[in-house]
Structures are given as structure tokens and as C-alpha cells.
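Peer 1: So that we are looking at the same thing, I have put the structure below in C-alpha cells.
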Amino acid sequence: MSQHEHDHPHAEIGQSERPGYYDMMETAVRELLIEKGLFEAGEIRRQIEVLDSRTPALGAKVVARAWVDADFRARLLANGRTACEELGISFYDDTQLIVLENTAEVHNLIVCTLCSCYPRPVLGLPPDWYKLKPYRARAVSEPRAVLAEFGTHIPDDVEVRVSDSTALVRYLVLPRRPDGTAGYSEEQLAGLVTRDAMIGVIPVTAGEAGVSR
Amino acid sequence: MSQTENLLKRLPNDIGGLPAEPIQRVDHELEPWEKRCHALADVLDFHKILNTEEKRRGVEALGSEMIGKLTYYERWIAAFANILFQKGILTPTELARKMDEVAARWGDEPPHPPA
Amino acid sequence: MSGIVLATGEAPPFRRGDRVRVMTRAPVGHYRVPTYLRGKSAVVERVIEPAAIDNEEEAYGRNAGSKRHYYRIIVPMTSIWPNYAGSARDDLRIEVFETWLERIAS
């Protein structure tokens, strides 16, 4: 994206080779719409910053807070969006958030079979595998086999619940707090929580590296 | 009974429960244009110029072949172009000329002969 | 409060615990109810508030107008997939617009 404030367009800064066909189509569409006054260039720049600021670290904070604060957990389960907003995680769209609590009896998994609905305001953008056919086709019909491919084995006496997003509601899995973390700070707990655990394909384990996946 | 009616009755994206391969845990860092494309979708939705559901329908309307062969954000930008044409916000000629102009910034010949 | 008249669509006809069936119509053009769900019986887990635009019409640019509710419904996996390989207690939960649901008499 251009760093300059003047209006005449030129090649995108940082690009050293000719853009591909679709890249040029995006540039052309965007510039035409800006020329027609439908929105301003600054809005695109701003939204890129918004998107860049949304990462799984936000979701990890929400999870860690829910683990240490029972009242917050209750508010989170009652209204995911407003609880996130308490932590400063604004929602830049009209979606709602339902947080799905994993327990000893229930394991939750989220998917969007029809497209790629995902709790972007609190997790950032979804990984490619979440948007591709194998996951979308099979998570609803053979969730336990899908989980096994991620190395996750759910006992038969634990109910697996798959939530398929189709409309206004987005989902976030609240994973179970792992054993052996009793003395951990909230920050240390957040460091254990990965993106994939908040999708529901893997559990949270103690001793994981701090980078959210 | 028409043999092709299922092509109409089942959207190409309606794949829940269909047989599929093992999951490959692939991911990639978004290219700058893909991120701009995503931001464009959000800004268009915010302004109610092209809402998210319209975008979904627009991608579906590309049809199976394009859906299978274009990548995720390539499908978005193609869908945007089509919907903006339908709404009379852009014309195909305008977009084609602008794309030529963008290509010319790289000092190359336009991708197709000038009009 | 007496004297209050609710607008069309304000009061959700289905409530948590109601038994409903997903209709079997087959739209062309655009839909948001997957084929795998058509005709299935379900239980309403919750009503999504507030009432909202039908997203299948929103897809054609209809940004305003009469609103109805979405419902998060519960469907047992074994009732969707003939050879479901998992626990009989596993279920699928999905958000469905009001015009896709009909009440099952209990």
C-alpha cells in the first residue's frame, strides 16, 4: 500500500516485480472506486491495520481471563462479544460471538462448511486448511476422524459438538485449562493457548511454546 | 428427470458431508494484494456497497470451474468485479482500461491490445 | 405490559427446547442451509437476538425490510449421517433462519 499522501497512483512501494493479474485487478477496482468517491484510500489502509492487529493472541487473552476469573467466564459464555469488548477487543463487523466451553463431558469443534466464517475480530484470519474442502467437508460428518488427524483423541463417553457457522454468529472454543498450571499467571496461561485449540482441533497443553498457532 | 438439476440445486460450496481427502495443515502468509483485497471487502461491506452475503453469492456464482481453479482471494476480486458491474457502479470497459493503466506502470505492454 | 402490540417478526415463534424440522425446499441461486440439513428434526438450543434480515435475501442486496429470528438448533449426528462413526451423543449445532423451520407437534 502506498505510503504517500498525494493522490496520483503509482506502483506499490515494496513491489519489485510485475504484479499478477488478480493483484492488478484489485488495484484497478480499488482505485476506480476511490476515484468515484465511494470511499477513501485511508479507509483501506486503516482496515489493513485493523486486520493486522487481530491475532490469536487476543483470543488467548480471553481464554486465560476466563480460566482465572469465574465471573468473566460466566459473562463470556452469556455473551461472547460483549465480554471480548470488556477486554478492549472491538468487533468491527456485525457478527455475534458464542463461546463454546469444553468440559469433561463435551468437546467443541467449529467449522464453516459453506464458506469460511471464522471469529476474525478475536482470532485474526483463518488458516488455509480451515477454508479448504477436506476440513469443511469432513468436520461435520466425521469430526472424530478429523480430530484424530490433528492428533486429538476424544473418548467415546465425551460428546463431540460441531458448530457450523452460517449467518451472524461466530464461534470460539474455550478449551479446558490443562493440568499442572495451577501456579501460572494469566500471561503464562495465555501463552499456552493456540489458535488451533480455539478452533477446537487440539487441546491446550502445559509447557507449549508461547507462540499462538 | 433432468440429470443436470443437481448442478443447480446443490451450490458448489455446499460441501458439508461430501467425501474428501485427509486434511493437510497448509497455510500461507497473505500477500499484500490479498490483504488489500480483504480490507476492500470489509470497507465495501461497511459502506453497504457490497455486503458480505452478496460477496458469498458472487463467489458461488463464479461456478464450479472457477471456484476450483482460482485461489480464495482471486475468487473474491473476480466476484467483486461482477457484482459491481451488476450494480452499475463499474463497467467492464472501465475496469479493463484501468487494468491496462495499472499494467503500464510496470513498463510492460498492456496484457491485451489497446481498444 | 398491556396494550403493547408487537410488530411482525418481533416475537420469535420458536423457543429454546422446541422441536422443529428443517424444511426440504431446494432453492437455486443462493442458500445458507446446507443440503445435509434439509428435512432433519432438531431441537432449538437458543433464539439468536435480535431479529435480523434474511441472509439469503441480503445476498441479492436487500439490506433492510422485515426481520425474523435465527435459531441455533441441535441435530444428532446419527440422524444426519447414515453410518456415523462416533458417539450416539455427538451432535451438530447450526444457525438457521426462521423461514426454514417448521414446528414438530409434540
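All residue names refer to the C-alpha cells as shown: chains lettered A, B, ... in order, residues numbered from 1 in each chain, ligands numbered from 1 in order.
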Can you list every residue of segment 80-115 of chain A that has an atom at most 9 Å from segment 61-74 of chain A, with its nearest atom pair and the distance in Å to one decimal, using only C-alpha atoms, ordered by chain then number, as a tab-separated table?
Peer 2:
residue	atom	partner	partner_atom	distance
A:Ala83	CA	A:Phe72	CA	7.3
A:Cys84	CA	A:Val62	CA	6.8
A:Leu87	CA	A:Val62	CA	7.6
Peer 1: Please save C-alpha atoms of the selected residues as a PDB file, in the first residue's frame.
Peer 2:
ATOM      1  CA  ALA A  83     -17.129  -9.952  27.142  1.00  0.00           C
ATOM      2  CA  CYS A  84     -14.427  -9.514  24.488  1.00  0.00           C
ATOM      3  CA  LEU A  87     -11.013  -6.546  27.238  1.00  0.00           C
TER       4      LEU A  87
END
Peer 1: Name the residues of segment 28-177 of chain A that come out as helix (DSSP H, G or I) in a backbone DSSP run; write them as a VMD selection string.
Peer 2: chain A and resid 28 to 35 41 to 52 56 to 68 70 to 78 80 to 86 120 to 123 128 to 131 133 to 138 143 to 149
Peer 1: For the residues selected in the previous step, produce a file with C-alpha atoms as an mmCIF file, in the first residue's frame.
Peer 2:
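Output file part-v2.cif is given in full below:
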data_model
loop_
_atom_site.group_PDB
_atom_site.id
_atom_site.type_symbol
_atom_site.label_atom_id
_atom_site.label_comp_id
_atom_site.auth_asym_id
_atom_site.auth_seq_id
_atom_site.Cartn_x
_atom_site.Cartn_y
_atom_site.Cartn_z
ATOM 1 C CA ALA A 28 -7.768 -1.257 -10.532
ATOM 2 C CA VAL A 29 -11.051 -1.877 -8.694
ATOM 3 C CA ARG A 30 -9.874 -0.078 -5.598
ATOM 4 C CA GLU A 31 -8.557 2.960 -7.494
ATOM 5 C CA LEU A 32 -11.706 3.260 -9.593
ATOM 6 C CA LEU A 33 -13.935 3.177 -6.539
ATOM 7 C CA ILE A 34 -11.781 5.767 -4.787
ATOM 8 C CA GLU A 35 -11.891 7.980 -7.898
ATOM 9 C CA ALA A 41 -7.721 5.317 0.327
ATOM 10 C CA GLY A 42 -7.155 5.897 4.017
ATOM 11 C CA GLU A 43 -10.019 3.569 4.862
ATOM 12 C CA ILE A 44 -8.308 0.673 3.156
ATOM 13 C CA ARG A 45 -5.034 1.448 4.913
ATOM 14 C CA ARG A 46 -6.857 1.656 8.219
ATOM 15 C CA GLN A 47 -8.674 -1.634 7.700
ATOM 16 C CA ILE A 48 -5.379 -3.362 6.892
ATOM 17 C CA GLU A 49 -4.090 -2.094 10.232
ATOM 18 C CA VAL A 50 -7.240 -3.372 11.914
ATOM 19 C CA LEU A 51 -6.749 -6.800 10.337
ATOM 20 C CA ASP A 52 -3.060 -6.874 11.254
ATOM 21 C CA PRO A 56 -4.831 -15.447 18.056
ATOM 22 C CA ALA A 57 -3.088 -13.672 20.949
ATOM 23 C CA LEU A 58 -6.350 -11.796 21.509
ATOM 24 C CA GLY A 59 -8.346 -14.992 21.811
ATOM 25 C CA ALA A 60 -5.670 -16.414 24.091
ATOM 26 C CA LYS A 61 -6.141 -13.450 26.443
ATOM 27 C CA VAL A 62 -9.867 -14.073 26.528
ATOM 28 C CA VAL A 63 -9.353 -17.747 27.326
ATOM 29 C CA ALA A 64 -6.784 -17.060 30.043
ATOM 30 C CA ARG A 65 -9.051 -14.494 31.660
ATOM 31 C CA ALA A 66 -11.928 -16.966 31.619
ATOM 32 C CA TRP A 67 -9.733 -19.562 33.275
ATOM 33 C CA VAL A 68 -8.783 -17.324 36.179
ATOM 34 C CA ALA A 70 -15.176 -17.192 37.095
ATOM 35 C CA ASP A 71 -17.402 -14.129 36.796
ATOM 36 C CA PHE A 72 -15.763 -13.169 33.494
ATOM 37 C CA ARG A 73 -16.165 -16.739 32.302
ATOM 38 C CA ALA A 74 -19.886 -16.560 33.066
ATOM 39 C CA ARG A 75 -20.236 -13.274 31.184
ATOM 40 C CA LEU A 76 -18.205 -14.686 28.295
ATOM 41 C CA LEU A 77 -20.472 -17.704 27.980
ATOM 42 C CA ALA A 78 -23.550 -15.498 28.198
ATOM 43 C CA GLY A 80 -19.067 -13.605 23.826
ATOM 44 C CA ARG A 81 -18.936 -10.311 22.025
ATOM 45 C CA THR A 82 -19.580 -8.015 24.984
ATOM 46 C CA ALA A 83 -17.129 -9.952 27.142
ATOM 47 C CA CYS A 84 -14.427 -9.514 24.488
ATOM 48 C CA GLU A 85 -15.279 -5.835 24.307
ATOM 49 C CA GLU A 86 -14.620 -5.619 28.057
ATOM 50 C CA ARG A 120 -11.882 -12.866 12.834
ATOM 51 C CA PRO A 121 -12.181 -9.948 15.274
ATOM 52 C CA VAL A 122 -10.766 -12.097 18.064
ATOM 53 C CA LEU A 123 -8.598 -14.641 16.206
ATOM 54 C CA ASP A 128 -5.843 -22.093 4.672
ATOM 55 C CA TRP A 129 -6.709 -25.590 5.857
ATOM 56 C CA TYR A 130 -9.825 -24.252 7.600
ATOM 57 C CA LYS A 131 -11.059 -22.842 4.266
ATOM 58 C CA LYS A 133 -12.519 -28.757 1.200
ATOM 59 C CA PRO A 134 -11.141 -31.567 3.364
ATOM 60 C CA TYR A 135 -11.799 -29.790 6.651
ATOM 61 C CA ARG A 136 -15.075 -28.193 5.607
ATOM 62 C CA ALA A 137 -16.490 -31.396 4.165
ATOM 63 C CA ARG A 138 -15.425 -33.784 6.915
ATOM 64 C CA PRO A 143 -15.388 -34.978 13.436
ATOM 65 C CA ARG A 144 -13.621 -37.668 15.442
ATOM 66 C CA ALA A 145 -11.607 -38.789 12.410
ATOM 67 C CA VAL A 146 -10.757 -35.137 11.698
ATOM 68 C CA LEU A 147 -9.664 -34.630 15.292
ATOM 69 C CA ALA A 148 -7.545 -37.763 15.098
ATOM 70 C CA GLU A 149 -5.728 -36.288 12.088
#
Peer 1: I want to know what sits within 9 Å of segment 47-62 of chain B, based on only C-alpha atoms, with residues of the same chain fewer than 3 positions away left out; could you give that as a JSON list (two decimals) with C-alpha atoms, in the first residue's frame?
Peer 2:
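result.json, written as the output of this step:
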[["chain", "number", "residue", "atom", "x", "y", "z"],
["A", 38, "LEU", "CA", -17.22, 5.63, -2.79],
["A", 39, "PHE", "CA", -14.57, 5.51, -0.08],
["A", 115, "CYS", "CA", -17.56, -20.72, 3.11],
["A", 167, "ALA", "CA", -25.12, -16.45, 9.44],
["B", 11, "LEU", "CA", -24.22, -24.99, -4.76],
["B", 12, "PRO", "CA", -20.54, -25.70, -5.45],
["B", 13, "ASN", "CA", -19.61, -24.51, -1.95],
["B", 41, "ALA", "CA", -14.25, -6.40, 1.22],
["B", 42, "ASP", "CA", -14.58, -5.02, 4.73],
["B", 43, "VAL", "CA", -14.72, -1.40, 3.56],
["B", 44, "LEU", "CA", -17.29, -2.24, 0.88],
["B", 65, "GLU", "CA", -14.66, -24.49, -12.63],
["B", 66, "MET", "CA", -13.57, -21.06, -11.48],
["B", 67, "ILE", "CA", -14.11, -21.94, -7.86],
["B", 75, "ARG", "CA", -12.39, -15.59, -6.28],
["B", 76, "TRP", "CA", -13.22, -12.57, -4.16],
["B", 78, "ALA", "CA", -13.49, -11.67, -9.55],
["B", 79, "ALA", "CA", -16.79, -11.75, -7.66],
["B", 80, "PHE", "CA", -16.43, -8.08, -6.69],
["B", 82, "ASN", "CA", -19.05, -8.98, -11.40],
["B", 83, "ILE", "CA", -21.22, -7.57, -8.63],
["B", 84, "LEU", "CA", -20.00, -4.02, -9.17],
["C", 29, "GLY", "CA", -29.19, -19.21, -6.79],
["C", 30, "HIS", "CA", -28.21, -18.90, -3.16],
["C", 31, "TYR", "CA", -28.97, -20.50, 0.17],
["C", 55, "ASN", "CA", -29.26, -13.52, 4.70],
["C", 56, "GLU", "CA", -30.46, -15.39, 1.63],
["C", 57, "GLU", "CA", -32.19, -12.19, 0.52],
["C", 58, "GLU", "CA", -29.37, -9.99, 1.75],
["C", 59, "ALA", "CA", -27.20, -11.78, -0.78],
["C", 60, "TYR", "CA", -29.21, -10.06, -3.50],
["C", 61, "GLY", "CA", -28.72, -6.64, -1.99],
["C", 63, "ASN", "CA", -30.25, -4.66, 3.25]]
Peer 1: Between A:Ser53, A:Thr166, A:Glu105, A:Glu40, which has the minimum distance to chain C (counting only C-alpha atoms)?
Peer 2: A:Thr166
Peer 1: Can you check which residues of chain C have any atom within 12 Å of chain A? Use only C-alpha atoms and format it as number ranges by chain.
Peer 2: C: 30-37, 45-56, 58-59, 69-97
Peer 1: Dump C-alpha atoms for the selected residues as an mmCIF file, in the first residue's frame?
Peer 2:
data_model
loop_
_atom_site.group_PDB
_atom_site.id
_atom_site.type_symbol
_atom_site.label_atom_id
_atom_site.label_comp_id
_atom_site.auth_asym_id
_atom_site.auth_seq_id
_atom_site.Cartn_x
_atom_site.Cartn_y
_atom_site.Cartn_z
ATOM 1 C CA HIS C 30 -28.213 -18.904 -3.159
ATOM 2 C CA TYR C 31 -28.973 -20.502 0.170
ATOM 3 C CA ARG C 32 -27.418 -20.752 3.605
ATOM 4 C CA VAL C 33 -28.930 -24.025 4.804
ATOM 5 C CA PRO C 34 -26.627 -26.859 3.767
ATOM 6 C CA THR C 35 -28.135 -29.756 1.847
ATOM 7 C CA TYR C 36 -27.101 -32.173 4.599
ATOM 8 C CA LEU C 37 -29.524 -30.448 6.986
ATOM 9 C CA GLU C 45 -30.849 -24.567 21.620
ATOM 10 C CA ARG C 46 -31.376 -20.829 21.671
ATOM 11 C CA VAL C 47 -33.018 -17.928 19.904
ATOM 12 C CA ILE C 48 -30.496 -15.504 18.422
ATOM 13 C CA GLU C 49 -31.497 -11.944 19.270
ATOM 14 C CA PRO C 50 -32.312 -9.506 17.822
ATOM 15 C CA ALA C 51 -34.424 -10.340 14.770
ATOM 16 C CA ALA C 52 -32.408 -9.858 11.602
ATOM 17 C CA ILE C 53 -32.510 -9.732 7.828
ATOM 18 C CA ASP C 54 -32.820 -12.990 5.903
ATOM 19 C CA ASN C 55 -29.262 -13.520 4.705
ATOM 20 C CA GLU C 56 -30.463 -15.390 1.633
ATOM 21 C CA GLU C 58 -29.372 -9.995 1.752
ATOM 22 C CA ALA C 59 -27.203 -11.779 -0.778
ATOM 23 C CA HIS C 69 -35.090 -14.628 14.022
ATOM 24 C CA TYR C 70 -32.233 -17.035 13.578
ATOM 25 C CA TYR C 71 -32.166 -20.102 15.808
ATOM 26 C CA ARG C 72 -29.240 -22.234 16.884
ATOM 27 C CA ILE C 73 -30.572 -25.758 16.567
ATOM 28 C CA ILE C 74 -29.247 -29.132 17.698
ATOM 29 C CA VAL C 75 -29.270 -32.157 15.398
ATOM 30 C CA PRO C 76 -27.922 -35.566 16.462
ATOM 31 C CA MET C 77 -25.122 -36.690 14.164
ATOM 32 C CA THR C 78 -26.704 -40.106 13.812
ATOM 33 C CA SER C 79 -29.802 -38.543 12.262
ATOM 34 C CA ILE C 80 -27.756 -36.779 9.578
ATOM 35 C CA TRP C 81 -25.183 -39.417 8.576
ATOM 36 C CA PRO C 82 -26.351 -42.992 7.964
ATOM 37 C CA ASN C 83 -23.074 -44.582 9.025
ATOM 38 C CA TYR C 84 -21.929 -42.051 11.565
ATOM 39 C CA ALA C 85 -18.757 -43.348 13.205
ATOM 40 C CA GLY C 86 -18.720 -41.748 16.609
ATOM 41 C CA SER C 87 -20.722 -41.493 19.783
ATOM 42 C CA ALA C 88 -24.509 -41.544 19.501
ATOM 43 C CA ARG C 89 -24.414 -38.434 21.698
ATOM 44 C CA ASP C 90 -22.411 -36.361 19.203
ATOM 45 C CA ASP C 91 -24.359 -33.516 17.663
ATOM 46 C CA LEU C 92 -24.250 -30.717 15.176
ATOM 47 C CA ARG C 93 -25.321 -27.171 16.011
ATOM 48 C CA ILE C 94 -26.141 -24.638 13.352
ATOM 49 C CA GLU C 95 -27.823 -21.277 12.937
ATOM 50 C CA VAL C 96 -30.947 -21.392 10.767
ATOM 51 C CA PHE C 97 -33.310 -18.615 9.699
#
Peer 1: Hey, which of B:Leu7, B:Leu30, B:Ile77, B:Ala104 ends up closest to chain A? Count only C-alpha atoms.
Peer 2: B:Ile77
Peer 1: Would you work out the distance separating atom CA of Ile104 of chain C from atom CA of Tyr171 of chain A, expressed in Å to one decimal?
Peer 2: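 Separation between atom CA of Ile104 of chain C and atom CA of Tyr171 of chain A: 27.7 Å.
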Peer 1: From the list C:Lys67, C:Leu101, C:Val28, C:Val44, which residue is nearest chain B when using only C-alpha atoms?
Peer 2: C:Val28
Peer 1: Any idea what's packed within 12 Å of Gly20 of chain A, counting only C-alpha atoms, ignoring anything in its chain fewer than 2 positions away? Could you give it as a ChimeraX atom specification?
Peer 2: /A:15,17-18,22-27 /B:31-34,74,99,102-103,106,111
Peer 1: Please identify every residue of chain B that has at least one atom no farther than 7 Å from an atom of chain A, counting only C-alpha atoms, and for each give the shortest atom pair and the distance in Å to one decimal, arranged by chain then increasing number, as a tab-separated table.
Peer 2:
residue	atom	partner	partner_atom	distance
B:Asn13	CA	A:Leu114	CA	5.4
B:Asp14	CA	A:Leu114	CA	5.2
B:Ile15	CA	A:Ala137	CA	5.2
B:Gly16	CA	A:Ala137	CA	4.2
B:Gly17	CA	A:Ala137	CA	5.0
B:Leu18	CA	A:Ala137	CA	5.4
B:Pro19	CA	A:Ala137	CA	6.9
B:Ala20	CA	A:Pro134	CA	5.0
B:Glu21	CA	A:Pro134	CA	5.4
B:Pro22	CA	A:Pro134	CA	6.2
B:Ile23	CA	A:Pro134	CA	5.4
B:Gln24	CA	A:Trp129	CA	6.5
B:Arg25	CA	A:Trp129	CA	5.4
B:Val26	CA	A:Trp129	CA	5.3
B:Asp27	CA	A:Asp128	CA	4.6
B:His28	CA	A:Asp128	CA	6.9
B:Trp33	CA	A:Asp23	CA	5.5
B:Lys35	CA	A:Ile48	CA	6.7
B:Arg36	CA	A:Ile48	CA	6.7
B:Cys37	CA	A:Glu26	CA	6.4
B:Ala39	CA	A:Gln47	CA	5.4
B:Leu40	CA	A:Ile44	CA	6.2
B:Val43	CA	A:Ile44	CA	6.7
B:Glu74	CA	A:Tyr22	CA	6.0
B:Ile77	CA	A:Glu26	CA	6.2
B:Leu95	CA	A:Ala28	CA	6.5
B:Lys98	CA	A:Ala28	CA	5.5
B:Met99	CA	A:Ala28	CA	5.4
B:Val102	CA	A:Met24	CA	6.4
B:Arg105	CA	A:Ala11	CA	6.3
B:Trp106	CA	A:Arg18	CA	6.2
Peer 1: Which distance in Å separates atom CA of Ile202 of chain A and atom CA of Gly151 of chain A, to one decimal?
Peer 2: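 About the pair atom CA of Ile202 of chain A and atom CA of Gly151 of chain A: they are 7.3 Å apart.
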Peer 1: Report the residues of chain C whose backbone DSSP state falls under strand (DSSP E), written as number ranges by chain.
Peer 2: C: 19-22, 41-52, 68-76, 91-97, 101-103
Peer 1: With N, CA and C atoms retained, export the selected residues as a short mmCIF file (atom, residue, chain, number, x, y, z; two decimals), in the first residue's frame.
Peer 2:
data_model
loop_
_atom_site.label_atom_id
_atom_site.label_comp_id
_atom_site.auth_asym_id
_atom_site.auth_seq_id
_atom_site.Cartn_x
_atom_site.Cartn_y
_atom_site.Cartn_z
N ARG C 19 -39.18 -28.47 19.42
CA ARG C 19 -38.78 -29.40 18.38
C ARG C 19 -39.20 -28.81 17.03
N VAL C 20 -38.25 -28.78 16.12
CA VAL C 20 -38.51 -28.18 14.80
C VAL C 20 -37.97 -29.11 13.72
N ARG C 21 -38.45 -28.86 12.51
CA ARG C 21 -37.90 -29.60 11.37
C ARG C 21 -37.40 -28.59 10.35
N VAL C 22 -36.25 -28.87 9.77
CA VAL C 22 -35.71 -28.04 8.70
C VAL C 22 -36.44 -28.41 7.41
N SER C 41 -34.87 -33.27 11.78
CA SER C 41 -35.53 -32.82 13.00
C SER C 41 -34.48 -32.32 13.97
N ALA C 42 -34.85 -31.30 14.72
CA ALA C 42 -33.88 -30.65 15.60
C ALA C 42 -34.58 -30.11 16.83
N VAL C 43 -33.77 -29.70 17.78
CA VAL C 43 -34.27 -29.03 18.98
C VAL C 43 -33.63 -27.64 19.01
N VAL C 44 -34.41 -26.64 19.36
CA VAL C 44 -33.87 -25.28 19.43
C VAL C 44 -33.01 -25.15 20.68
N GLU C 45 -31.74 -24.81 20.47
CA GLU C 45 -30.85 -24.57 21.62
C GLU C 45 -31.05 -23.16 22.14
N ARG C 46 -31.15 -22.21 21.24
CA ARG C 46 -31.38 -20.83 21.67
C ARG C 46 -31.90 -20.00 20.51
N VAL C 47 -32.58 -18.92 20.87
CA VAL C 47 -33.02 -17.93 19.90
C VAL C 47 -31.91 -16.89 19.81
N ILE C 48 -31.50 -16.55 18.59
CA ILE C 48 -30.50 -15.50 18.42
C ILE C 48 -31.23 -14.17 18.36
N GLU C 49 -30.86 -13.27 19.25
CA GLU C 49 -31.50 -11.94 19.27
C GLU C 49 -30.49 -10.90 18.81
N PRO C 50 -30.94 -9.84 18.16
CA PRO C 50 -32.31 -9.51 17.82
C PRO C 50 -32.72 -10.11 16.48
N ALA C 51 -33.97 -9.92 16.09
CA ALA C 51 -34.42 -10.34 14.77
C ALA C 51 -33.55 -9.66 13.72
N ALA C 52 -33.36 -10.35 12.61
CA ALA C 52 -32.41 -9.86 11.60
C ALA C 52 -32.90 -10.16 10.19
N ARG C 68 -36.76 -11.49 10.83
CA ARG C 68 -37.20 -12.64 11.62
C ARG C 68 -36.00 -13.09 12.45
N HIS C 69 -36.18 -14.17 13.17
CA HIS C 69 -35.09 -14.63 14.02
C HIS C 69 -34.30 -15.77 13.40
N TYR C 70 -33.05 -15.84 13.81
CA TYR C 70 -32.23 -17.04 13.58
C TYR C 70 -32.29 -17.87 14.86
N TYR C 71 -32.14 -19.17 14.68
CA TYR C 71 -32.17 -20.10 15.81
C TYR C 71 -30.96 -21.03 15.71
N ARG C 72 -30.30 -21.22 16.85
CA ARG C 72 -29.24 -22.23 16.88
C ARG C 72 -29.92 -23.55 17.28
N ILE C 73 -29.85 -24.51 16.36
CA ILE C 73 -30.57 -25.76 16.57
C ILE C 73 -29.60 -26.91 16.72
N ILE C 74 -30.07 -27.96 17.39
CA ILE C 74 -29.25 -29.13 17.70
C ILE C 74 -29.77 -30.31 16.90
N VAL C 75 -28.89 -30.97 16.16
CA VAL C 75 -29.27 -32.16 15.40
C VAL C 75 -28.32 -33.29 15.76
N PRO C 76 -28.83 -34.45 16.17
CA PRO C 76 -27.92 -35.57 16.46
C PRO C 76 -27.18 -35.99 15.20
N ASP C 91 -23.35 -34.27 18.40
CA ASP C 91 -24.36 -33.52 17.66
C ASP C 91 -23.75 -32.38 16.87
N LEU C 92 -24.61 -31.83 16.01
CA LEU C 92 -24.25 -30.72 15.18
C LEU C 92 -25.14 -29.54 15.55
N ARG C 93 -24.56 -28.35 15.63
CA ARG C 93 -25.32 -27.17 16.01
C ARG C 93 -25.11 -26.12 14.94
N ILE C 94 -26.21 -25.51 14.53
CA ILE C 94 -26.14 -24.64 13.35
C ILE C 94 -27.22 -23.58 13.45
N GLU C 95 -26.92 -22.41 12.89
CA GLU C 95 -27.82 -21.28 12.94
C GLU C 95 -28.71 -21.29 11.68
N VAL C 96 -30.02 -21.28 11.89
CA VAL C 96 -30.95 -21.39 10.77
C VAL C 96 -31.98 -20.28 10.86
N PHE C 97 -32.33 -19.70 9.73
CA PHE C 97 -33.31 -18.61 9.70
C PHE C 97 -34.71 -19.16 9.86
N LEU C 101 -37.74 -23.19 9.14
CA LEU C 101 -38.12 -24.10 10.22
C LEU C 101 -39.63 -24.23 10.35
N GLU C 102 -40.08 -25.43 10.65
CA GLU C 102 -41.49 -25.63 10.98
C GLU C 102 -41.56 -26.42 12.28
N ARG C 103 -42.64 -26.19 13.01
CA ARG C 103 -42.76 -26.82 14.31
C ARG C 103 -43.14 -28.28 14.15
#
